[in-house]
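Below is upload.cif, which holds mmCIF, C-alpha atoms.
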```
data_final
loop_
_atom_site.label_atom_id
_atom_site.label_comp_id
_atom_site.auth_asym_id
_atom_site.auth_seq_id
_atom_site.Cartn_x
_atom_site.Cartn_y
_atom_site.Cartn_z
CA THR G 1 128.13 59.66 197.27
CA VAL G 2 126.18 60.59 200.39
CA HIS G 3 122.82 62.07 199.39
CA CYS G 4 121.43 64.81 201.63
CA GLU G 5 118.94 67.68 201.63
CA TYR G 6 120.11 70.91 203.21
CA PHE G 7 117.64 73.06 205.15
CA PHE G 8 119.22 76.50 205.31
CA PRO G 9 118.24 78.81 208.20
CA LYS G 10 117.56 82.46 207.42
CA ARG G 11 119.52 83.91 210.31
CA GLU G 12 122.47 86.26 210.53
CA GLY G 13 125.77 85.06 211.92
CA LYS G 14 127.01 81.57 212.74
CA VAL G 15 124.34 78.96 213.45
CA PRO G 16 124.37 75.44 214.97
CA GLY G 17 124.34 72.51 212.53
CA VAL G 18 122.56 69.16 212.82
CA VAL G 19 122.60 65.94 210.80
CA VAL G 20 119.02 64.55 210.67
CA LEU G 21 118.36 60.81 210.20
CA HIS G 22 115.18 59.03 209.12
CA ILE G 23 113.22 55.98 210.29
CA LEU G 24 113.50 52.31 209.28
CA GLY G 25 110.65 52.47 206.76
CA GLY G 26 112.43 55.20 204.81
CA ASP G 27 109.47 57.55 205.11
CA PHE G 28 111.27 60.84 204.55
CA PRO G 29 108.45 63.36 205.32
CA LEU G 30 108.90 62.96 209.10
CA ALA G 31 112.65 63.61 208.91
CA ARG G 32 112.01 66.54 206.60
CA LEU G 33 109.48 67.93 209.09
CA PHE G 34 112.10 67.94 211.84
CA ALA G 35 114.78 69.37 209.52
CA ASN G 36 112.47 72.17 208.38
CA THR G 37 111.42 72.96 211.95
CA LEU G 38 115.06 73.13 213.02
CA ALA G 39 115.81 75.54 210.17
CA GLN G 40 112.84 77.69 211.22
CA HIS G 41 114.50 77.91 214.65
CA GLY G 42 117.82 79.04 213.19
CA VAL G 43 119.56 75.65 213.00
CA ALA G 44 121.21 74.39 209.80
CA ALA G 45 119.74 70.92 209.23
CA LEU G 46 121.27 68.35 206.88
CA PHE G 47 118.82 65.51 206.22
CA LEU G 48 120.89 62.44 205.29
CA LYS G 49 119.59 59.42 203.39
CA MET G 50 121.20 56.35 204.87
CA PRO G 51 122.66 53.41 202.87
CA TYR G 52 120.12 51.56 200.68
CA TYR G 53 117.54 54.36 201.02
CA GLY G 54 116.41 56.92 198.47
CA GLU G 55 119.08 57.57 195.86
CA ARG G 56 121.31 55.08 197.68
CA ARG G 57 119.01 52.17 196.78
CA ASP G 58 119.79 50.11 193.70
CA PRO G 59 116.39 49.24 192.17
CA GLN G 60 117.90 46.01 190.86
CA SER G 61 119.12 44.86 194.28
CA PRO G 62 117.04 43.49 197.19
CA ARG G 63 119.71 44.47 199.70
CA ARG G 64 118.75 46.80 202.55
CA MET G 65 120.61 48.52 205.38
CA ILE G 66 118.81 46.35 207.94
CA SER G 67 119.15 42.99 206.23
CA LYS G 68 117.95 39.44 206.82
CA ASP G 69 121.66 38.66 207.11
CA PRO G 70 122.98 40.35 210.29
CA ARG G 71 126.44 40.46 208.73
CA GLU G 72 125.03 42.76 206.05
CA THR G 73 123.33 44.79 208.78
CA VAL G 74 126.70 45.33 210.46
CA GLU G 75 128.14 46.47 207.13
CA GLY G 76 125.17 48.75 206.49
CA MET G 77 125.31 50.39 209.92
CA THR G 78 129.07 50.81 209.64
CA GLN G 79 128.63 52.52 206.28
CA ALA G 80 125.93 54.76 207.76
CA VAL G 81 128.33 55.91 210.49
CA LEU G 82 130.95 56.71 207.85
CA ASP G 83 128.32 58.64 205.88
CA ILE G 84 127.29 60.62 208.96
CA ARG G 85 130.91 61.49 209.69
CA GLN G 86 131.28 62.68 206.09
CA ALA G 87 128.12 64.78 206.43
CA THR G 88 129.36 66.20 209.74
CA ALA G 89 132.59 67.33 208.06
CA TRP G 90 130.63 68.97 205.23
CA LEU G 91 128.28 70.71 207.63
CA GLY G 92 131.14 71.96 209.78
CA SER G 93 132.87 73.42 206.71
CA ARG G 94 129.90 75.65 205.80
CA PRO G 95 130.65 79.36 206.36
CA GLU G 96 127.28 79.92 208.07
CA VAL G 97 127.70 77.00 210.50
CA ASP G 98 129.44 77.11 213.87
CA ALA G 99 131.76 74.09 213.71
CA GLU G 100 131.80 73.96 217.52
CA GLN G 101 128.01 73.47 217.64
CA LEU G 102 127.41 70.37 215.54
CA GLY G 103 124.92 67.68 216.43
CA VAL G 104 122.85 64.72 215.33
CA PHE G 105 119.13 64.01 215.50
CA GLY G 106 117.49 60.69 214.63
CA ILE G 107 114.19 58.87 214.98
CA SER G 108 113.89 55.11 215.71
CA LEU G 109 116.48 53.45 213.40
CA GLY G 110 117.85 56.94 212.80
CA GLY G 111 118.08 57.41 216.56
CA ILE G 112 119.99 54.16 217.04
CA THR G 113 122.29 54.96 214.12
CA GLY G 114 122.73 58.51 215.39
CA ALA G 115 123.70 57.17 218.80
CA LEU G 116 126.31 54.89 217.22
CA ALA G 117 127.64 57.74 215.06
CA ALA G 118 127.94 60.01 218.09
CA THR G 119 130.19 57.47 219.80
CA ALA G 120 132.51 57.52 216.76
CA GLU G 121 132.41 61.22 215.85
CA PRO G 122 133.69 63.66 218.51
CA ARG G 123 132.52 66.70 216.51
CA LEU G 124 128.89 65.75 217.29
CA GLN G 125 128.67 67.63 220.57
CA ASN G 126 124.86 67.90 220.68
CA VAL G 127 122.91 64.64 220.51
CA CYS G 128 119.10 64.42 220.50
CA LEU G 129 117.48 61.05 219.81
CA LEU G 130 113.81 60.11 219.53
CA LEU G 131 112.71 56.49 220.16
CA ALA G 132 116.28 55.17 220.32
CA GLY G 133 117.91 52.44 222.37
CA ALA G 134 120.90 50.15 222.69
CA ASP G 135 121.39 46.37 223.01
CA ILE G 136 120.85 46.14 219.25
CA GLY G 137 120.85 42.36 219.24
CA LYS G 138 118.02 42.21 221.79
CA ILE G 139 115.97 44.74 219.78
CA ALA G 140 116.49 42.83 216.53
CA TRP G 141 115.80 39.44 218.12
CA GLU G 142 112.59 40.51 219.87
CA SER G 143 111.11 43.18 217.58
CA SER G 144 107.94 42.23 215.71
CA GLU G 145 109.18 44.36 212.81
CA LEU G 146 112.20 42.09 212.33
CA LYS G 147 110.62 38.65 212.67
CA GLU G 148 111.61 37.79 209.09
CA VAL G 149 115.24 38.50 209.98
CA ARG G 150 115.10 36.07 212.90
CA LYS G 151 113.28 33.46 210.82
CA SER G 152 115.85 33.65 208.03
CA TRP G 153 118.76 33.41 210.49
CA ILE G 154 117.32 30.36 212.26
CA GLU G 155 116.47 28.63 208.97
CA LYS G 156 120.13 28.97 207.98
CA GLY G 157 121.23 27.27 211.20
CA GLY G 158 122.12 30.40 213.15
CA THR G 159 121.61 30.57 216.92
CA ARG G 160 120.44 33.40 219.17
CA ASP G 161 123.85 33.68 220.86
CA GLU G 162 125.63 33.92 217.51
CA PHE G 163 123.15 36.57 216.40
CA LEU G 164 123.65 38.68 219.54
CA THR G 165 127.44 38.36 219.38
CA LEU G 166 127.54 39.46 215.76
CA LEU G 167 125.56 42.63 216.44
CA GLN G 168 127.62 43.67 219.46
CA SER G 169 130.03 45.50 217.19
CA ILE G 170 127.34 48.06 216.25
CA ASP G 171 125.78 48.44 219.70
CA PRO G 172 126.07 52.10 220.78
CA ALA G 173 126.07 51.14 224.47
CA ARG G 174 129.37 49.35 223.90
CA TYR G 175 131.00 52.71 223.10
CA GLY G 176 128.71 54.96 225.14
CA ALA G 177 131.52 56.27 227.36
CA ASN G 178 132.75 58.25 224.34
CA VAL G 179 129.62 60.43 224.53
CA GLN G 180 129.64 61.14 228.24
CA GLY G 181 130.09 64.83 228.97
CA ARG G 182 128.35 66.05 225.81
CA ARG G 183 124.88 67.61 225.60
CA VAL G 184 122.41 64.76 225.17
CA LEU G 185 118.62 64.62 225.14
CA LEU G 186 116.73 61.34 224.81
CA MET G 187 112.98 61.23 224.07
CA ASN G 188 111.26 57.87 224.40
CA ALA G 189 107.89 56.15 224.77
CA THR G 190 106.85 54.53 228.04
CA LYS G 191 105.27 51.51 226.33
CA ASP G 192 107.47 51.17 223.25
CA GLU G 193 106.77 47.80 221.66
CA VAL G 194 109.74 48.06 219.25
CA ILE G 195 112.47 49.51 221.47
CA PRO G 196 112.03 47.86 224.90
CA LYS G 197 112.39 50.21 227.85
CA VAL G 198 115.35 48.18 229.12
CA CYS G 199 117.15 48.92 225.82
CA THR G 200 116.52 52.64 226.17
CA GLU G 201 117.81 52.50 229.73
CA SER G 202 120.92 50.66 228.52
CA LEU G 203 121.69 53.53 226.14
CA TRP G 204 120.88 56.11 228.83
CA GLU G 205 123.21 54.43 231.33
CA SER G 206 126.08 54.11 228.84
CA PHE G 207 125.75 57.80 227.89
CA GLY G 208 126.12 58.81 231.55
CA ARG G 209 122.43 59.21 232.45
CA PRO G 210 121.69 62.38 230.43
CA GLU G 211 118.34 64.16 230.32
CA ILE G 212 115.55 61.83 229.21
CA VAL G 213 111.90 62.59 228.45
CA TRP G 214 109.29 59.83 228.64
CA TYR G 215 106.18 60.27 226.53
CA SER G 216 103.10 58.16 227.18
CA GLY G 217 102.29 55.63 224.46
CA GLY G 218 104.00 53.15 222.19
CA HIS G 219 106.46 53.36 219.32
CA TYR G 220 103.77 54.58 216.91
CA SER G 221 101.12 56.08 219.17
CA VAL G 222 103.76 58.45 220.56
CA ALA G 223 103.00 60.45 217.42
CA ALA G 224 100.37 62.15 219.58
CA HIS G 225 103.28 63.97 221.23
CA MET G 226 105.01 64.96 217.98
CA LEU G 227 104.49 68.70 218.44
CA SER G 228 106.15 68.49 221.84
CA ALA G 229 109.06 66.49 220.41
CA LEU G 230 109.49 69.02 217.59
CA ASP G 231 109.57 71.87 220.10
CA ARG G 232 111.99 70.13 222.49
CA ALA G 233 114.39 69.12 219.72
CA SER G 234 114.37 72.60 218.18
CA ARG G 235 115.01 74.34 221.49
CA PHE G 236 117.73 71.83 222.34
CA PHE G 237 119.74 72.48 219.19
CA ALA G 238 119.01 76.21 218.94
CA ARG G 239 120.37 76.86 222.42
CA PRO G 240 123.88 78.36 222.17
#
```
As a first step, turn the structure in this file into structure tokens.
Amino acid sequence: TVHCEYFFPKREGKVPGVVVLHILGGDFPLARLFANTLAQHGVAALFLKMPYYGERRDPQSPRRMISKDPRETVEGMTQAVLDIRQATAWLGSRPEVDAEQLGVFGISLGGITGALAATAEPRLQNVCLLLAGADIGKIAWESSELKEVRKSWIEKGGTRDEFLTLLQSIDPARYGANVQGRRVLLMNATKDEVIPKVCTESLWESFGRPEIVWYSGGHYSVAAHMLSALDRASRFFARP
């Protein structure tokens, strides 16, 4: 079961539809804020809880979508893409939604996962990602947030090259050509300490160099520009 929250727009006629994805920490209020704002702008927003988050998390299990074992991370990300495709089908079947105007929005981990899902789901014609990037292995190997993942891998005898090779299968840049030609908006931070600029540029290049907005600040301090990001994302998806 894919658990979602549906933000229904009060607007006559067919409306665009968007799958909204949350951040790594599983803090849902930010995703709900974007989903609610989209609905206020006449966009049907389906906030999806990714594998091992919310109702998808077994309280008896320590397993998470982004795991200390990169093999489990690959499985988790793959399941998330399947979930997003399922949610896209549901959203497109709604009588109030224009099935030709479906999209995905994600923040940080949600942005990376949304990018990967867009490469696998052709119905996602509108793609807006905040603080996303590609070269997943590089992000995971260098991110301060994932130092325990690296430590666990090394302690088990794993090497950097093995780690990077394993995560190639879920790198959105590997399949980025599938997204070229669609409407894409990337919003990123100039001094992102979690998603290196080179990783954002890798995603941007693979997607065919779409529109990109650079906000001053880092991965967390970019919150100072949140109102601008809310406005840009809403106008992007609300545009017919």
Counting only C-alpha atoms, closest pick from G:Arg150, G:Lys191, G:Arg94, G:Arg63 relative to Glu162 (chain G) is G:Arg150
With 10 Å as the cut-off and all atoms listed in the file counted, what is the closest atom pair between each nearby residue of region 60-146 of chain G and region 46-53 of chain G? Distances in Å to one decimal, ordered by chain and number, as a tab-separated table.
```
residue	atom	partner	partner_atom	distance
G:Ser61	CA	G:Tyr52	CA	9.3
G:Pro62	CA	G:Tyr52	CA	9.3
G:Arg63	CA	G:Tyr52	CA	7.2
G:Arg64	CA	G:Tyr52	CA	5.3
G:Met65	CA	G:Tyr52	CA	5.6
G:Ile66	CA	G:Tyr52	CA	9.0
G:Glu75	CA	G:Pro51	CA	9.8
G:Gly76	CA	G:Pro51	CA	6.4
G:Met77	CA	G:Pro51	CA	8.1
G:Thr78	CA	G:Pro51	CA	9.7
G:Gln79	CA	G:Pro51	CA	6.9
G:Ala80	CA	G:Met50	CA	5.8
G:Val81	CA	G:Met50	CA	9.1
G:Asp83	CA	G:Met50	CA	7.5
G:Ile84	CA	G:Leu48	CA	7.6
G:Ala87	CA	G:Leu48	CA	7.7
G:Thr88	CA	G:Leu46	CA	8.8
G:Trp90	CA	G:Leu46	CA	9.5
G:Leu91	CA	G:Leu46	CA	7.4
G:Val104	CA	G:Leu46	CA	9.3
G:Phe105	CA	G:Phe47	CA	9.4
G:Gly106	CA	G:Phe47	CA	9.8
G:Gly110	CA	G:Met50	CA	8.6
G:Thr113	CA	G:Met50	CA	9.4
```
Spatial neighbours of Val184 (chain G), 12 Å, all atoms listed in the file, chain gap at least 4 places, as a ChimeraX atom specification | /G:103-105,114-115,118-119,124-130,176,179-180,203-204,206-213,233,236-237
Check which residues satisfy the PyMOL selection byres ((chain G and resi 14) around 6) in the file shown, then give them as number ranges by chain.
-> G: 13, 15, 96-98
Generate a file of the selected residues that holds C-alpha atoms, formatted as a PDB file, in the coordinates of the input.
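out_11.pdb written:
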```
ATOM      1  CA  GLY G  13     125.770  85.060 211.920  1.00  0.00           C
ATOM      2  CA  VAL G  15     124.340  78.960 213.450  1.00  0.00           C
ATOM      3  CA  GLU G  96     127.280  79.920 208.070  1.00  0.00           C
ATOM      4  CA  VAL G  97     127.700  77.000 210.500  1.00  0.00           C
ATOM      5  CA  ASP G  98     129.440  77.110 213.870  1.00  0.00           C
TER       6      ASP G  98
END
```
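Nearest residue to Glu148 (chain G), choosing from G:Ser67, G:Gly54, G:Thr1, G:Ala99 and counting all atoms listed in the file: G:Ser67.
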Quick one: pull the distance between CA of Thr200 (chain G) and CA of Trp153 (chain G), Å, one decimal.
-> 24.9 Å
